[in-house]
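Text of the file entry.pdb, holding PDB, C-alpha atoms:
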```pdb
ATOM      1  CA  MET A1416      73.577 -67.390 133.317
ATOM      2  CA  LYS A1417      74.067 -71.083 133.854
ATOM      3  CA  LEU A1418      71.466 -72.986 135.840
ATOM      4  CA  LEU A1419      73.778 -73.669 138.810
ATOM      5  CA  ASP A1420      74.778 -69.993 138.938
ATOM      6  CA  ALA A1421      71.127 -68.983 138.884
ATOM      7  CA  ILE A1422      70.269 -71.409 141.680
ATOM      8  CA  SER A1423      73.260 -70.211 143.701
ATOM      9  CA  LEU A1424      72.195 -66.598 143.246
ATOM     10  CA  LEU A1425      68.604 -67.342 144.250
ATOM     11  CA  LEU A1426      69.813 -69.175 147.360
ATOM     12  CA  MET A1427      72.041 -66.254 148.292
ATOM     13  CA  ALA A1428      69.220 -63.759 147.829
ATOM     14  CA  ALA A1429      66.871 -65.968 149.866
ATOM     15  CA  LEU A1430      69.458 -66.266 152.640
ATOM     16  CA  TYR A1431      69.870 -62.497 152.985
ATOM     17  CA  ALA A1432      66.162 -61.767 152.601
ATOM     18  CA  THR A1433      65.350 -64.282 155.328
ATOM     19  CA  ALA A1434      68.080 -62.967 157.608
ATOM     20  CA  GLY A1435      66.867 -59.423 157.015
ATOM     21  CA  VAL A1436      63.282 -60.297 157.868
ATOM     22  CA  MET A1437      64.481 -62.037 161.037
ATOM     23  CA  HIS A1438      66.001 -58.737 162.210
ATOM     24  CA  PHE A1439      62.433 -57.452 162.491
ATOM     25  CA  ALA A1440      60.674 -60.695 163.479
ATOM     26  CA  ASP A1441      63.143 -61.601 166.265
ATOM     27  CA  PRO A1442      65.297 -58.551 167.065
ATOM     28  CA  GLY A1443      66.105 -59.987 170.503
ATOM     29  CA  PHE A1444      68.582 -62.466 169.036
ATOM     30  CA  PHE A1445      70.448 -59.713 167.204
ATOM     31  CA  LEU A1446      70.306 -57.349 170.183
ATOM     32  CA  ARG A1447      71.958 -60.009 172.397
ATOM     33  CA  ILE A1448      74.931 -60.358 170.072
ATOM     34  CA  MET A1449      75.554 -56.635 169.560
ATOM     35  CA  PRO A1450      78.891 -55.503 171.019
ATOM     36  CA  ALA A1451      78.344 -53.244 174.041
ATOM     37  CA  TRP A1452      80.579 -50.525 172.579
ATOM     38  CA  LEU A1453      78.197 -49.922 169.653
ATOM     39  CA  PRO A1454      75.482 -47.290 170.151
ATOM     40  CA  TRP A1455      71.834 -47.501 169.062
ATOM     41  CA  HIS A1456      71.513 -51.275 169.208
ATOM     42  CA  LEU A1457      67.894 -51.544 168.058
ATOM     43  CA  GLU A1458      68.388 -49.008 165.285
ATOM     44  CA  LEU A1459      71.488 -50.824 164.009
ATOM     45  CA  VAL A1460      69.676 -54.167 164.092
ATOM     46  CA  GLN A1461      66.820 -52.694 162.070
ATOM     47  CA  LEU A1462      69.174 -50.917 159.675
ATOM     48  CA  SER A1463      71.217 -54.053 159.018
ATOM     49  CA  GLY A1464      68.003 -56.028 158.480
ATOM     50  CA  ALA A1465      66.716 -53.470 155.978
ATOM     51  CA  ILE A1466      70.070 -53.493 154.191
ATOM     52  CA  GLU A1467      70.025 -57.300 153.969
ATOM     53  CA  ILE A1468      66.552 -57.243 152.435
ATOM     54  CA  ALA A1469      67.551 -54.511 149.972
ATOM     55  CA  LEU A1470      70.735 -56.345 148.970
ATOM     56  CA  ALA A1471      68.780 -59.571 148.460
ATOM     57  CA  LEU A1472      66.460 -57.802 146.041
ATOM     58  CA  LEU A1473      69.323 -56.024 144.263
ATOM     59  CA  LEU A1474      71.151 -59.330 143.784
ATOM     60  CA  LEU A1475      68.254 -60.507 141.631
ATOM     61  CA  LEU A1476      68.573 -57.661 139.149
ATOM     62  CA  PRO A1477      71.379 -57.995 136.601
ATOM     63  CA  ALA A1478      71.883 -54.214 136.521
ATOM     64  CA  THR A1479      72.545 -54.034 140.277
ATOM     65  CA  ARG A1480      73.977 -57.475 140.979
ATOM     66  CA  ARG A1481      77.642 -56.460 141.091
ATOM     67  CA  ILE A1482      77.118 -53.529 143.455
ATOM     68  CA  ALA A1483      74.795 -55.662 145.600
ATOM     69  CA  ALA A1484      77.476 -58.360 145.864
ATOM     70  CA  TRP A1485      79.973 -55.725 146.995
ATOM     71  CA  GLY A1486      77.330 -54.553 149.464
ATOM     72  CA  VAL A1487      76.995 -58.084 150.838
ATOM     73  CA  ILE A1488      80.755 -58.234 151.374
ATOM     74  CA  ALA A1489      80.694 -54.848 153.126
ATOM     75  CA  LEU A1490      77.783 -55.983 155.287
ATOM     76  CA  LEU A1491      79.608 -59.165 156.290
ATOM     77  CA  ILE A1492      82.575 -57.053 157.354
ATOM     78  CA  ALA A1493      80.282 -54.683 159.266
ATOM     79  CA  VAL A1494      78.559 -57.466 161.226
ATOM     80  CA  PHE A1495      81.747 -59.420 161.916
ATOM     81  CA  PRO A1496      82.170 -57.728 165.327
ATOM     82  CA  ALA A1497      78.816 -59.209 166.422
ATOM     83  CA  ASN A1498      79.998 -62.705 165.492
ATOM     84  CA  LEU A1499      83.282 -62.110 167.278
ATOM     85  CA  ASN A1500      81.362 -60.733 170.280
ATOM     86  CA  MET A1501      79.375 -63.960 170.450
ATOM     87  CA  LEU A1502      82.577 -65.968 170.698
ATOM     88  CA  LEU A1503      84.461 -63.683 173.083
ATOM     89  CA  ASN A1504      81.519 -63.328 175.470
ATOM     90  CA  ASP A1505      80.264 -66.894 175.048
ATOM     91  CA  ILE A1506      76.819 -65.787 173.862
ATOM     92  CA  ARG A1507      75.060 -68.996 172.860
ATOM     93  CA  PRO A1508      71.622 -68.338 171.409
ATOM     94  CA  ASP A1509      69.151 -71.144 170.929
ATOM     95  CA  THR A1510      68.634 -72.195 167.321
ATOM     96  CA  ILE A1511      66.112 -74.429 165.626
ATOM     97  CA  LEU A1512      68.667 -77.207 166.142
ATOM     98  CA  GLY A1513      68.985 -76.486 169.870
ATOM     99  CA  PRO A1514      71.475 -74.504 171.926
ATOM    100  CA  THR A1515      74.524 -73.167 170.128
ATOM    101  CA  THR A1516      77.745 -74.968 171.033
ATOM    102  CA  ARG A1517      81.113 -73.339 171.607
ATOM    103  CA  THR A1518      82.309 -75.068 168.441
ATOM    104  CA  ALA A1519      79.482 -73.440 166.484
ATOM    105  CA  LEU A1520      80.569 -70.037 167.790
ATOM    106  CA  TRP A1521      84.057 -70.707 166.449
ATOM    107  CA  LEU A1522      82.698 -71.943 163.118
ATOM    108  CA  ARG A1523      80.644 -68.758 162.608
ATOM    109  CA  LEU A1524      83.850 -66.803 162.010
ATOM    110  CA  PRO A1525      85.201 -68.710 158.980
ATOM    111  CA  VAL A1526      81.651 -69.068 157.629
ATOM    112  CA  GLN A1527      81.624 -65.283 157.263
ATOM    113  CA  PHE A1528      84.617 -65.581 154.930
ATOM    114  CA  LEU A1529      82.907 -68.339 152.943
ATOM    115  CA  LEU A1530      79.822 -66.127 152.571
ATOM    116  CA  ALA A1531      82.050 -63.283 151.362
ATOM    117  CA  ALA A1532      83.702 -65.603 148.831
ATOM    118  CA  TRP A1533      80.251 -66.644 147.628
ATOM    119  CA  ALA A1534      79.289 -63.003 147.110
ATOM    120  CA  TRP A1535      82.651 -62.302 145.449
ATOM    121  CA  ARG A1536      81.591 -64.552 142.561
ATOM    122  CA  TYR A1537      78.968 -61.980 141.639
ATOM    123  CA  THR A1538      81.260 -58.929 141.788
ATOM    124  CA  ARG A1539      82.777 -59.790 138.422
ATOM    125  CA  ALA A1540      81.453 -58.452 135.182
ATOM    126  CA  PRO A1541      79.320 -61.010 133.366
ATOM    127  CA  ARG A1542      80.924 -62.719 130.403
ATOM    128  CA  HIS A1543      79.104 -62.080 127.187
ATOM    129  CA  ASP A1544      78.757 -64.759 124.574
ATOM    130  CA  THR A1545      80.290 -63.404 121.373
ATOM    131  CA  GLY A1546      78.766 -66.173 119.311
ATOM    132  CA  LEU A1547      82.250 -67.304 118.315
ATOM    133  CA  ARG A1548      83.117 -70.896 118.937
ATOM    134  CA  PRO A1549      86.606 -72.273 119.485
ATOM    135  CA  GLY A1550      88.394 -72.742 116.216
ATOM    136  CA  ARG A1551      86.179 -70.286 114.308
ATOM    137  CA  LEU A1552      87.512 -66.944 113.163
ATOM    138  CA  ASP A1553      84.313 -65.440 111.803
TER     139      ASP A1553
END
```
Conversion result in C-alpha cells:
Amino acid sequence: MKLLDAISLLLMAALYATAGVMHFADPGFFLRIMPAWLPWHLELVQLSGAIEIALALLLLLPATRRIAAWGVIALLIAVFPANLNMLLNDIRPDTILGPTTRTALWLRLPVQFLLAAWAWRYTRAPRHDTGLRPGRLD
C-alpha cells in the first residue's frame, strides 16, 4: 500500500472511530437529529456508534478492509435520513466552530456522497505486484 493510501485509510478509520465514540460521549447531538418516525432513538444512536467503531477497526485489517468499506457505504446510506432531517427541520447543533449555519446543513448532504466515494476506494480488490516490470516478459 502506498504511503498516501495508508494515510488516507488511517484518517478514514480515525474519523469513524471518533464519530462512533461521540455517539456514546454526546448522544444528545445524535438524538436531536434523529427523524421522529424512527423508533428506539437511543438504541439506534448507540448501535450506529458501535457499528462505526467496529468498521473503523475492520478498515485497518487487510482481510476485512473491503467488507468494512462496503459497511461504511451502507452506514452512510442508513444515516442519510438524519442529515436530511437536520436540513428539513432546520436543526442547527452547535459545533466546535460555533452554531451550524443553514449553508452547513445543505453541505452535509453532498459530503455524505464524498465520504461514500472515499470508502469506495477501499472496496476494490488490492492489486498485487507480480514482480514484472513494463517491457519485461519474464
For Asp1505 in chain A, work out the shell of residues within 12 Å, counting all atoms listed in the file and skipping chain neighbours fewer than 6 positions away, then give it as JSON, numbers by chain. {"A": [1447, 1448, 1497, 1498, 1499, 1515, 1516, 1517, 1518, 1519, 1520, 1521]}
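Of the residues under consideration (A:Leu1470, A:Ala1451, A:Ile1422, A:Ala1531), A:Leu1470 shows the shortest atom-to-atom contact distance to Ile1482 in chain A when counting all atoms listed in the file.
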Residues at most 8 Å from Trp1485 in chain A, counting all atoms listed in the file, excluding those fewer than 5 positions away in the same chain, as a list of chain:residue names? A:Ala1534, A:Trp1535, A:Thr1538
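Excluding Trp1533 in chain A and any residue on its chain fewer than 4 positions from it, the residues at most 10 Å away by only C-alpha atoms are A:Ser1423, A:Leu1424, A:Met1427, A:Ala1484, A:Val1487, A:Ile1488, A:Gln1527, A:Phe1528, A:Leu1529, A:Tyr1537, A:Thr1538.
Here CA of Gln1461 in chain A is placed at a distance of 6.5 Å from CA of Phe1439 in chain A.
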Some atoms are missing, so please complete range 1435-1461 of chain A with N, CA and C atoms and return it as a CSV table (one decimal), in the coordinates of the input.
```csv
chain,number,residue,atom,x,y,z
A,1435,GLY,N,67.4,-60.8,156.8
A,1435,GLY,CA,66.9,-59.4,157.0
A,1435,GLY,C,65.5,-59.4,157.7
A,1436,VAL,N,64.6,-60.2,157.3
A,1436,VAL,CA,63.3,-60.3,157.9
A,1436,VAL,C,63.4,-60.7,159.3
A,1437,MET,N,64.3,-61.6,159.7
A,1437,MET,CA,64.5,-62.0,161.0
A,1437,MET,C,64.9,-60.9,162.0
A,1438,HIS,N,65.6,-59.9,161.4
A,1438,HIS,CA,66.0,-58.7,162.2
A,1438,HIS,C,64.8,-58.0,162.8
A,1439,PHE,N,63.7,-58.1,162.0
A,1439,PHE,CA,62.4,-57.5,162.5
A,1439,PHE,C,61.5,-58.4,163.3
A,1440,ALA,N,61.5,-59.7,162.8
A,1440,ALA,CA,60.7,-60.7,163.5
A,1440,ALA,C,61.2,-61.1,164.9
A,1441,ASP,N,62.5,-61.2,165.0
A,1441,ASP,CA,63.1,-61.6,166.3
A,1441,ASP,C,64.4,-60.7,166.6
A,1442,PRO,N,64.1,-59.4,166.8
A,1442,PRO,CA,65.3,-58.6,167.1
A,1442,PRO,C,66.1,-58.9,168.3
A,1443,GLY,N,65.4,-59.6,169.3
A,1443,GLY,CA,66.1,-60.0,170.5
A,1443,GLY,C,67.4,-60.8,170.3
A,1444,PHE,N,67.4,-61.7,169.3
A,1444,PHE,CA,68.6,-62.5,169.0
A,1444,PHE,C,69.7,-61.5,168.6
A,1445,PHE,N,69.4,-60.6,167.7
A,1445,PHE,CA,70.4,-59.7,167.2
A,1445,PHE,C,70.9,-58.7,168.3
A,1446,LEU,N,70.0,-58.3,169.1
A,1446,LEU,CA,70.3,-57.3,170.2
A,1446,LEU,C,71.3,-58.0,171.2
A,1447,ARG,N,71.1,-59.3,171.5
A,1447,ARG,CA,72.0,-60.0,172.4
A,1447,ARG,C,73.4,-60.1,171.9
A,1448,ILE,N,73.6,-60.2,170.6
A,1448,ILE,CA,74.9,-60.4,170.1
A,1448,ILE,C,75.6,-59.0,169.7
A,1449,MET,N,74.9,-57.9,169.9
A,1449,MET,CA,75.6,-56.6,169.6
A,1449,MET,C,76.7,-56.3,170.6
A,1450,PRO,N,77.8,-55.9,170.1
A,1450,PRO,CA,78.9,-55.5,171.0
A,1450,PRO,C,78.4,-54.3,171.8
A,1451,ALA,N,78.8,-54.3,173.1
A,1451,ALA,CA,78.3,-53.2,174.0
A,1451,ALA,C,78.9,-51.9,173.6
A,1452,TRP,N,80.0,-51.8,172.9
A,1452,TRP,CA,80.6,-50.5,172.6
A,1452,TRP,C,79.9,-49.8,171.4
A,1453,LEU,N,79.0,-50.5,170.7
A,1453,LEU,CA,78.2,-49.9,169.7
A,1453,LEU,C,77.0,-49.2,170.2
A,1454,PRO,N,76.7,-48.0,169.7
A,1454,PRO,CA,75.5,-47.3,170.2
A,1454,PRO,C,74.2,-47.8,169.4
A,1455,TRP,N,73.1,-47.3,169.8
A,1455,TRP,CA,71.8,-47.5,169.1
A,1455,TRP,C,71.6,-48.9,168.6
A,1456,HIS,N,71.6,-49.9,169.5
A,1456,HIS,CA,71.5,-51.3,169.2
A,1456,HIS,C,70.3,-51.6,168.4
A,1457,LEU,N,69.1,-51.2,168.8
A,1457,LEU,CA,67.9,-51.5,168.1
A,1457,LEU,C,67.9,-50.9,166.7
A,1458,GLU,N,68.3,-49.7,166.6
A,1458,GLU,CA,68.4,-49.0,165.3
A,1458,GLU,C,69.4,-49.7,164.3
A,1459,LEU,N,70.5,-50.1,164.9
A,1459,LEU,CA,71.5,-50.8,164.0
A,1459,LEU,C,71.0,-52.2,163.6
A,1460,VAL,N,70.3,-52.9,164.5
A,1460,VAL,CA,69.7,-54.2,164.1
A,1460,VAL,C,68.7,-54.0,163.0
A,1461,GLN,N,67.8,-53.0,163.1
A,1461,GLN,CA,66.8,-52.7,162.1
A,1461,GLN,C,67.5,-52.2,160.8
```
